[in-house]
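Next up, entry.pdb (PDB, C-alpha atoms and all ligand atoms):
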```
ATOM      1  CA  MET A   1     -65.202  50.109-327.866
ATOM      2  CA  CYS A   2     -63.604  48.309-324.945
ATOM      3  CA  ALA A   3     -63.408  44.545-325.346
ATOM      4  CA  GLN A   4     -64.549  44.091-321.745
ATOM      5  CA  PHE A   5     -67.645  46.291-322.027
ATOM      6  CA  SER A   6     -71.063  44.669-322.157
ATOM      7  CA  PRO A   7     -73.323  45.766-325.051
ATOM      8  CA  GLU A   8     -75.142  48.097-322.607
ATOM      9  CA  GLU A   9     -71.887  49.676-321.405
ATOM     10  CA  ASP A  10     -70.707  50.033-324.979
ATOM     11  CA  ALA A  11     -73.954  51.855-325.843
ATOM     12  CA  MET A  12     -73.470  54.179-322.845
ATOM     13  CA  PHE A  13     -69.945  54.957-324.012
ATOM     14  CA  GLU A  14     -71.117  55.819-327.533
ATOM     15  CA  LYS A  15     -74.113  57.887-326.447
ATOM     16  CA  ILE A  16     -72.416  59.912-323.712
ATOM     17  CA  GLY A  17     -69.230  60.478-325.712
ATOM     18  CA  ALA A  18     -71.102  61.708-328.794
ATOM     19  CA  ALA A  19     -73.262  64.054-326.694
ATOM     20  CA  VAL A  20     -70.293  65.544-324.815
ATOM     21  CA  LEU A  21     -68.297  66.054-328.003
ATOM     22  CA  LYS A  22     -71.265  67.745-329.667
ATOM     23  CA  ARG A  23     -71.717  70.133-326.730
ATOM     24  CA  LEU A  24     -68.002  70.956-326.599
ATOM     25  CA  LYS A  25     -67.979  71.740-330.317
ATOM     26  CA  LYS A  26     -71.092  73.909-330.064
ATOM     27  CA  THR A  27     -69.822  75.948-327.108
ATOM     28  CA  ARG A  28     -68.559  79.278-328.401
ATOM     29  CA  ASN A  29     -67.703  81.014-325.116
ATOM     30  CA  PRO A  30     -64.434  79.499-323.759
ATOM     31  CA  GLY A  31     -65.633  80.351-320.242
ATOM     32  CA  ASP A  32     -68.492  77.828-320.638
ATOM     33  CA  LEU A  33     -66.377  74.837-321.677
ATOM     34  CA  LEU A  34     -65.617  73.616-318.161
ATOM     35  CA  SER A  35     -69.316  73.888-317.258
ATOM     36  CA  VAL A  36     -70.102  71.493-320.114
ATOM     37  CA  LEU A  37     -67.748  68.928-318.604
ATOM     38  CA  ALA A  38     -68.843  69.554-315.003
ATOM     39  CA  SER A  39     -72.389  68.937-316.177
ATOM     40  CA  ALA A  40     -71.274  65.751-317.982
ATOM     41  CA  HIS A  41     -70.071  64.465-314.600
ATOM     42  CA  LYS A  42     -73.734  64.014-313.658
ATOM     43  CA  GLU A  43     -73.675  61.017-316.016
ATOM     44  CA  PHE A  44     -71.783  59.132-313.290
ATOM     45  CA  ASP A  45     -74.760  59.551-310.942
ATOM     46  CA  ARG A  46     -77.189  58.432-313.645
ATOM     47  CA  ALA A  47     -75.066  55.388-314.506
ATOM     48  CA  TYR A  48     -74.804  54.440-310.844
ATOM     49  CA  ALA A  49     -78.525  54.886-310.196
ATOM     50  CA  SER A  50     -79.388  52.625-313.122
ATOM     51  CA  ALA A  51     -77.032  49.790-312.103
ATOM     52  CA  PRO A  52     -78.650  46.480-311.072
ATOM     53  CA  ALA A  53     -80.057  46.619-307.525
ATOM     54  CA  ALA A  54     -78.246  43.398-306.580
ATOM     55  CA  ALA A  55     -74.905  44.978-307.518
ATOM     56  CA  LEU A  56     -75.662  48.216-305.669
ATOM     57  CA  ALA A  57     -76.560  46.217-302.562
ATOM     58  CA  THR A  58     -72.945  45.011-302.331
ATOM     59  CA  VAL A  59     -71.381  48.509-302.326
ATOM     60  CA  ALA A  60     -69.481  48.834-299.042
ATOM     61  CA  CYS A  61     -68.364  52.472-299.475
ATOM     62  CA  ARG A  62     -69.609  54.776-296.714
ATOM     63  CA  ALA A  63     -69.150  58.466-295.907
ATOM     64  CA  GLY A  64     -66.179  58.983-293.601
ATOM     65  CA  CYS A  65     -64.143  56.003-294.902
ATOM     66  CA  GLY A  66     -61.550  57.779-297.049
ATOM     67  CA  THR A  67     -59.332  54.704-297.562
ATOM     68  CA  CYS A  68     -59.258  55.121-301.355
ATOM     69  CA  CYS A  69     -58.272  58.800-300.870
ATOM     70  CA  HIS A  70     -54.757  57.710-299.807
ATOM     71  CA  VAL A  71     -53.542  56.540-303.227
ATOM     72  CA  PRO A  72     -52.326  58.640-306.198
ATOM     73  CA  VAL A  73     -55.210  60.081-308.233
ATOM     74  CA  GLY A  74     -54.614  60.362-311.987
ATOM     75  CA  VAL A  75     -56.725  62.959-313.805
ATOM     76  CA  LEU A  76     -57.048  64.878-317.038
ATOM     77  CA  ALA A  77     -56.608  68.652-316.957
ATOM     78  CA  HIS A  78     -60.297  69.553-317.078
ATOM     79  CA  GLU A  79     -60.892  67.650-313.834
ATOM     80  CA  VAL A  80     -58.241  69.716-312.048
ATOM     81  CA  LEU A  81     -59.666  72.978-313.390
ATOM     82  CA  ILE A  82     -63.207  72.025-312.324
ATOM     83  CA  ALA A  83     -61.911  71.215-308.821
ATOM     84  CA  ALA A  84     -59.917  74.485-308.689
ATOM     85  CA  GLN A  85     -62.993  76.496-309.698
ATOM     86  CA  TYR A  86     -64.998  74.835-306.930
ATOM     87  CA  VAL A  87     -62.288  75.549-304.351
ATOM     88  CA  GLN A  88     -62.033  79.189-305.380
ATOM     89  CA  LYS A  89     -65.789  79.576-305.063
ATOM     90  CA  HIS A  90     -66.369  77.698-301.795
ATOM     91  CA  PHE A  91     -63.198  77.878-299.665
ATOM     92  CA  SER A  92     -62.413  80.784-297.313
ATOM     93  CA  PRO A  93     -59.085  82.642-297.838
ATOM     94  CA  GLU A  94     -57.648  80.739-294.846
ATOM     95  CA  GLU A  95     -58.839  77.371-296.183
ATOM     96  CA  LEU A  96     -57.408  78.208-299.595
ATOM     97  CA  GLU A  97     -54.055  79.165-298.124
ATOM     98  CA  ALA A  98     -53.903  75.944-296.107
ATOM     99  CA  LEU A  99     -54.856  73.876-299.161
ATOM    100  CA  ILE A 100     -52.150  75.486-301.287
ATOM    101  CA  ALA A 101     -49.599  74.671-298.566
ATOM    102  CA  ARG A 102     -50.764  71.016-298.450
ATOM    103  CA  ALA A 103     -50.689  70.773-302.246
ATOM    104  CA  ALA A 104     -47.169  72.254-302.366
ATOM    105  CA  ALA A 105     -45.984  69.685-299.802
ATOM    106  CA  HIS A 106     -47.682  66.895-301.761
ATOM    107  CA  ARG A 107     -46.069  68.021-304.998
ATOM    108  CA  GLU A 108     -42.634  68.119-303.442
ATOM    109  CA  ALA A 109     -43.125  64.653-301.932
ATOM    110  CA  VAL A 110     -44.199  62.912-305.173
ATOM    111  CA  THR A 111     -42.035  64.667-307.768
ATOM    112  CA  GLY A 112     -39.449  62.328-309.258
ATOM    113  CA  ARG A 113     -41.044  59.191-307.795
ATOM    114  CA  SER A 114     -42.542  56.260-309.693
ATOM    115  CA  ASN A 115     -46.232  55.411-309.380
ATOM    116  CA  PHE A 116     -45.390  52.523-307.070
ATOM    117  CA  GLU A 117     -43.257  54.754-304.844
ATOM    118  CA  ARG A 118     -46.051  57.336-304.786
ATOM    119  CA  THR A 119     -48.522  54.623-303.767
ATOM    120  CA  LEU A 120     -46.275  53.476-300.927
ATOM    121  CA  LEU A 121     -46.256  57.007-299.507
ATOM    122  CA  LYS A 122     -49.986  56.594-298.693
ATOM    123  CA  ARG A 123     -50.388  60.345-298.693
ATOM    124  CA  PRO A 124     -53.940  61.506-298.028
ATOM    125  CA  CYS A 125     -55.451  63.523-300.850
ATOM    126  CA  VAL A 126     -54.940  67.226-300.190
ATOM    127  CA  LEU A 127     -58.731  67.631-300.292
ATOM    128  CA  LEU A 128     -59.541  64.963-297.720
ATOM    129  CA  ARG A 129     -60.857  66.596-294.523
ATOM    130  CA  GLU A 130     -61.865  64.433-291.541
ATOM    131  CA  GLN A 131     -61.965  61.396-293.863
ATOM    132  CA  SER A 132     -64.481  63.078-296.209
ATOM    133  CA  CYS A 133     -64.040  64.777-299.554
ATOM    134  CA  SER A 134     -64.137  68.581-299.211
ATOM    135  CA  ILE A 135     -65.063  69.038-302.886
ATOM    136  CA  TYR A 136     -67.493  66.135-303.227
ATOM    137  CA  GLU A 137     -69.634  67.799-305.937
ATOM    138  CA  ALA A 138     -66.521  68.585-307.996
ATOM    139  CA  ARG A 139     -64.424  65.469-307.312
ATOM    140  CA  PRO A 140     -62.452  63.895-310.171
ATOM    141  CA  GLU A 141     -63.735  61.124-312.390
ATOM    142  CA  ALA A 142     -61.590  58.379-310.832
ATOM    143  CA  CYS A 143     -63.145  59.217-307.453
ATOM    144  CA  ARG A 144     -66.651  59.056-308.938
ATOM    145  CA  SER A 145     -65.893  55.719-310.603
ATOM    146  CA  HIS A 146     -64.515  53.823-307.655
ATOM    147  CA  HIS A 147     -66.759  51.549-305.597
ATOM    148  CA  SER A 148     -65.726  48.649-303.396
ATOM    149  CA  ASN A 149     -67.513  45.608-302.038
ATOM    150  CA  ASN A 150     -65.060  45.109-299.162
ATOM    151  CA  VAL A 151     -63.625  47.881-296.997
ATOM    152  CA  ASP A 152     -61.211  45.533-295.201
ATOM    153  CA  ALA A 153     -59.777  44.490-298.564
ATOM    154  CA  CYS A 154     -59.335  48.167-299.500
ATOM    155  CA  ARG A 155     -57.383  48.702-296.276
ATOM    156  CA  THR A 156     -55.223  45.629-296.921
ATOM    157  CA  ASN A 157     -54.482  46.804-300.474
ATOM    158  CA  LEU A 158     -53.539  50.240-299.165
ATOM    159  CA  GLU A 159     -51.317  48.723-296.488
ATOM    160  CA  ASN A 160     -49.521  46.529-299.064
ATOM    161  CA  GLY A 161     -49.282  49.251-301.731
ATOM    162  CA  ARG A 162     -50.787  46.853-304.300
ATOM    163  CA  GLU A 163     -54.271  45.984-305.494
ATOM    164  CA  ASP A 164     -53.873  42.291-304.675
ATOM    165  CA  LEU A 165     -57.483  41.909-303.556
ATOM    166  CA  ASP A 166     -60.214  42.531-306.096
ATOM    167  CA  VAL A 167     -62.819  44.895-304.649
ATOM    168  CA  TYR A 168     -64.557  45.893-307.878
ATOM    169  CA  ILE A 169     -68.249  45.258-308.339
ATOM    170  CA  PRO A 170     -69.418  43.679-311.598
ATOM    171  CA  GLY A 171     -72.432  45.620-312.834
ATOM    172  CA  VAL A 172     -71.139  48.886-311.373
ATOM    173  CA  ARG A 173     -67.471  49.121-312.342
ATOM    174  CA  GLY A 174     -68.016  48.705-316.105
ATOM    175  CA  ARG A 175     -70.742  51.372-316.223
ATOM    176  CA  MET A 176     -68.657  53.935-314.382
ATOM    177  CA  PHE A 177     -65.628  53.126-316.512
ATOM    178  CA  ALA A 178     -67.733  53.564-319.690
ATOM    179  CA  VAL A 179     -68.805  57.049-318.524
ATOM    180  CA  MET A 180     -65.244  58.053-317.621
ATOM    181  CA  LEU A 181     -63.809  56.832-320.919
ATOM    182  CA  ALA A 182     -66.616  58.490-322.899
ATOM    183  CA  ILE A 183     -66.026  61.916-321.339
ATOM    184  CA  ASP A 184     -62.241  61.710-321.593
ATOM    185  CA  GLN A 185     -62.329  60.453-325.172
ATOM    186  CA  ALA A 186     -64.719  63.295-326.129
ATOM    187  CA  VAL A 187     -62.322  65.782-324.502
ATOM    188  CA  ALA A 188     -59.436  64.380-326.543
ATOM    189  CA  GLU A 189     -61.493  64.336-329.763
ATOM    190  CA  ALA A 190     -62.402  68.009-329.204
ATOM    191  CA  GLY A 191     -58.664  68.725-329.120
ATOM    192  CA  PHE A 192     -58.234  69.414-325.402
ATOM    193  CA  ASP A 193     -55.387  68.249-323.192
ATOM    194  CA  GLY A 194     -55.512  64.444-322.878
ATOM    195  CA  GLN A 195     -52.437  63.964-320.705
ATOM    196  CA  ALA A 196     -52.744  62.320-317.312
ATOM    197  CA  TYR A 197     -51.676  64.475-314.379
ATOM    198  CA  ASP A 198     -51.129  63.840-310.707
ATOM    199  CA  PHE A 199     -54.176  65.466-309.121
ATOM    200  CA  GLY A 200     -52.508  67.066-306.087
ATOM    201  CA  SER A 201     -49.556  68.448-308.069
ATOM    202  CA  ALA A 202     -51.707  69.869-310.872
ATOM    203  CA  LEU A 203     -54.152  71.324-308.354
ATOM    204  CA  HIS A 204     -51.261  73.189-306.738
ATOM    205  CA  GLU A 205     -50.372  74.642-310.138
ATOM    206  CA  ALA A 206     -54.001  75.537-310.937
ATOM    207  CA  LEU A 207     -54.440  77.351-307.604
ATOM    208  CA  THR A 208     -51.255  79.371-308.006
ATOM    209  CA  SER A 209     -51.351  80.219-311.728
ATOM    210  CA  SER A 210     -54.356  81.428-313.725
ATOM    211  CA  LEU A 211     -52.485  80.575-316.945
ATOM    212  CA  CYS A 212     -53.386  76.871-316.610
ATOM    213  CA  ALA A 213     -57.026  77.521-317.510
ATOM    214  CA  VAL A 214     -56.021  79.828-320.362
ATOM    215  CA  ARG A 215     -53.708  77.221-321.846
ATOM    216  CA  TRP A 216     -56.431  74.566-321.539
ATOM    217  CA  THR A 217     -59.036  76.628-323.400
ATOM    218  CA  GLN A 218     -56.416  77.208-326.111
ATOM    219  CA  ARG A 219     -56.085  73.415-326.371
ATOM    220  CA  GLN A 220     -52.523  73.406-325.091
ATOM    221  CA  SER A 221     -50.982  71.389-322.251
ATOM    222  CA  ALA A 222     -52.520  72.959-319.161
ATOM    223  CA  PHE A 223     -49.824  71.968-316.682
ATOM    224  CA  PRO A 224     -46.041  71.592-316.719
ATOM    225  CA  GLU A 225     -44.317  68.252-317.108
ATOM    226  CA  SER A 226     -43.583  68.206-313.364
ATOM    227  CA  CYS A 227     -47.321  67.698-312.694
ATOM    228  CA  ARG A 228     -47.664  64.633-314.932
ATOM    229  CA  GLU A 229     -48.711  61.293-313.535
ATOM    230  CA  ALA A 230     -45.647  59.033-313.297
ATOM    231  CA  SER A 231     -45.420  56.804-316.383
ATOM    232  CA  GLU A 232     -45.230  53.043-316.064
ATOM    233  CA  PRO A 233     -41.754  51.529-316.519
ATOM    234  CA  GLY A 234     -41.121  50.847-320.224
ATOM    235  CA  ASP A 235     -44.224  52.747-321.309
ATOM    236  CA  GLU A 236     -43.435  56.456-321.233
ATOM    237  CA  ASP A 237     -46.503  57.092-323.416
ATOM    238  CA  SER A 238     -48.934  55.632-320.870
ATOM    239  CA  GLY A 239     -51.531  57.907-319.327
ATOM    240  CA  VAL A 240     -52.303  59.868-322.488
ATOM    241  CA  MET A 241     -55.844  59.925-323.887
ATOM    242  CA  ARG A 242     -55.583  60.166-327.662
ATOM    243  CA  ALA A 243     -58.343  61.141-330.096
ATOM    244  CA  GLU A 244     -59.449  57.885-331.733
ATOM    245  CA  GLY A 245     -62.357  59.258-333.758
ATOM    246  CA  TYR A 246     -65.057  57.184-332.040
ATOM    247  CA  PHE A 247     -67.609  60.029-331.996
ATOM    248  CA  GLN A 248     -66.852  61.997-335.177
TER
HETATM  249  S1  LIG A 301     -60.842  64.481-304.525
HETATM  250 FE1  LIG A 301     -62.138  63.888-302.804
HETATM  251  S2  LIG A 301     -62.834  61.780-303.299
HETATM  252 FE2  LIG A 301     -61.073  62.228-304.638
HETATM  253  S3  LIG A 301     -59.244  61.424-303.554
HETATM  254 FE3  LIG A 301     -59.486  63.618-302.982
HETATM  255  S4  LIG A 301     -60.679  63.622-301.083
HETATM  256 FE4  LIG A 301     -60.946  61.584-302.047
END
```
Represent the supplied structure as structure tokens.
Ligand code: SF4
Amino acid sequence: MCAQFSPEEDAMFEKIGAAVLKRLKKTRNPGDLLSVLASAHKEFDRAYASAPAAALATVACRAGCGTCCHVPVGVLAHEVLIAAQYVQKHFSPEELEALIARAAAHREAVTGRSNFERTLLKRPCVLLREQSCSIYEARPEACRSHHSNNVDACRTNLENGREDLDVYIPGVRGRMFAVMLAIDQAVAEAGFDGQAYDFGSALHEALTSSLCAVRWTQRQSAFPESCREASEPGDEDSGVMRAEGYFQ
């Protein structure tokens, strides 16, 4: 599928994507659709666990780092709705109120800015608490996919606002990317929202309007334009997952 995938990663993409699409199509109760995708997120753990031991030995990520939680996070709508469900189930009323206030401030700060400008803001994710993820079990796919072999390089990249230093781990990165693409492509092929949103902005919308989930189950755009991830200059169509028919 992807020219840079190994045959094994390609096979993972095909197998996971076909299985997720089949489950989405078979699910009759709209209330169960997000559970299908939340359950598909376990594929990230399986892909990671089956990566070569030598590659896993170079992973430098540790609990309490949080460096990669200071850059913009691009997500599809289902990831926001899964996170919102988790928050509504696990956060106290006071924690929820504080989160909504942080998400509103985040949204105001990033609206109208380019991706590069958003990166330079170095805003912590609204869900980062004491340098740890407060929704770890329900975190977005980009967060599940990212692993680094050099924490100092991550900090330098964050400081400079550019990914000048390569921190990706061959043998891990491709597998995680294959899982992410498989799930997102299956979502698009099932007819659900494939637009990329800014996580913090869309989370604010999801926590303040129950209509987002309704629109998503009806296969409409879940969030307003103001929550979209900033497009790259000259490519206003970037950040949209389109149904390509890989798994039909
Ligand atoms: S959702 Fe969690 S892991 Fe992802 S950027 Fe936010 S705090 Fe970090």
- Query: Got a sec: who's within 12 Å of Val110 (chain A), counting only C-alpha atoms, leaving out chain neighbours fewer than 4 positions off, as a VMD selection string?
  - Reply: chain A and resid 71 to 73 103 to 106 114 to 123 197 to 202 226 to 230
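For the point (-56.0, 64.5, -327.3) in file coordinates, the residues within 12 Å, using only C-alpha atoms, are Leu76, Ala77, Ile183, Asp184, Gln185, Ala186, Val187, Ala188, Glu189, Ala190, Gly191, Phe192, Asp193, Gly194, Gln195, Ala196, Trp216, Arg219, Gln220, Ser221, Gly239, Val240, Met241, Arg242, Ala243, Glu244 and Gly245 of chain A.
When the PyMOL selection byres (((not hetatm)) within 6 of (chain A and resi 301)) is evaluated against the file, it yields Cys69, Cys125, Leu127, Leu128, Cys133, Ile135, Tyr136, Arg139, Pro140 and Cys143 of chain A.
As for CA of Gly174 (chain A) and CA of Glu79 (chain A), they are spaced 20.4 Å apart.
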Determine, using all atoms listed in the file, which residues of region 140-230 of chain A have any atom at most 7 Å from an atom of region 47-51 of chain A, and tabulate each with its shortest atom pair and distance in Å to one decimal place, rows ordered by chain and then rising number, as a Markdown table.
```
| residue | atom | partner | partner_atom | distance |
| --- | --- | --- | --- | --- |
| A:Gly171 | CA | A:Ala51 | CA | 6.3 |
| A:Val172 | CA | A:Ala51 | CA | 6.0 |
| A:Arg175 | CA | A:Ala47 | CA | 6.1 |
| A:Met176 | CA | A:Ala47 | CA | 6.6 |
```
- Name every residue that the PyMOL selection byres (((chain A and resi 100) around 9) and not hetatm) selects in this structure, writing the answer as a ChimeraX atom specification with chains first and numbers rising. /A:95-99,101-105,126,203-204,207-208
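Near Glu14 (chain A), within 12 Å and counting only C-alpha atoms, sit Met1, Cys2, Phe5, Pro7, Glu8, Val20, Leu21, Ala178, Val179, Met180, Leu181, Ala182, Ile183, Gln185, Ala186, Gly245, Tyr246, Phe247 and Gln248 of chain A, not including residues fewer than 6 positions from it in the same chain.
Nearest residue to Glu9 (chain A) among A:Pro224, A:Pro170, A:Gly161, A:Gly112 is A:Pro170, counting all atoms listed in the file.
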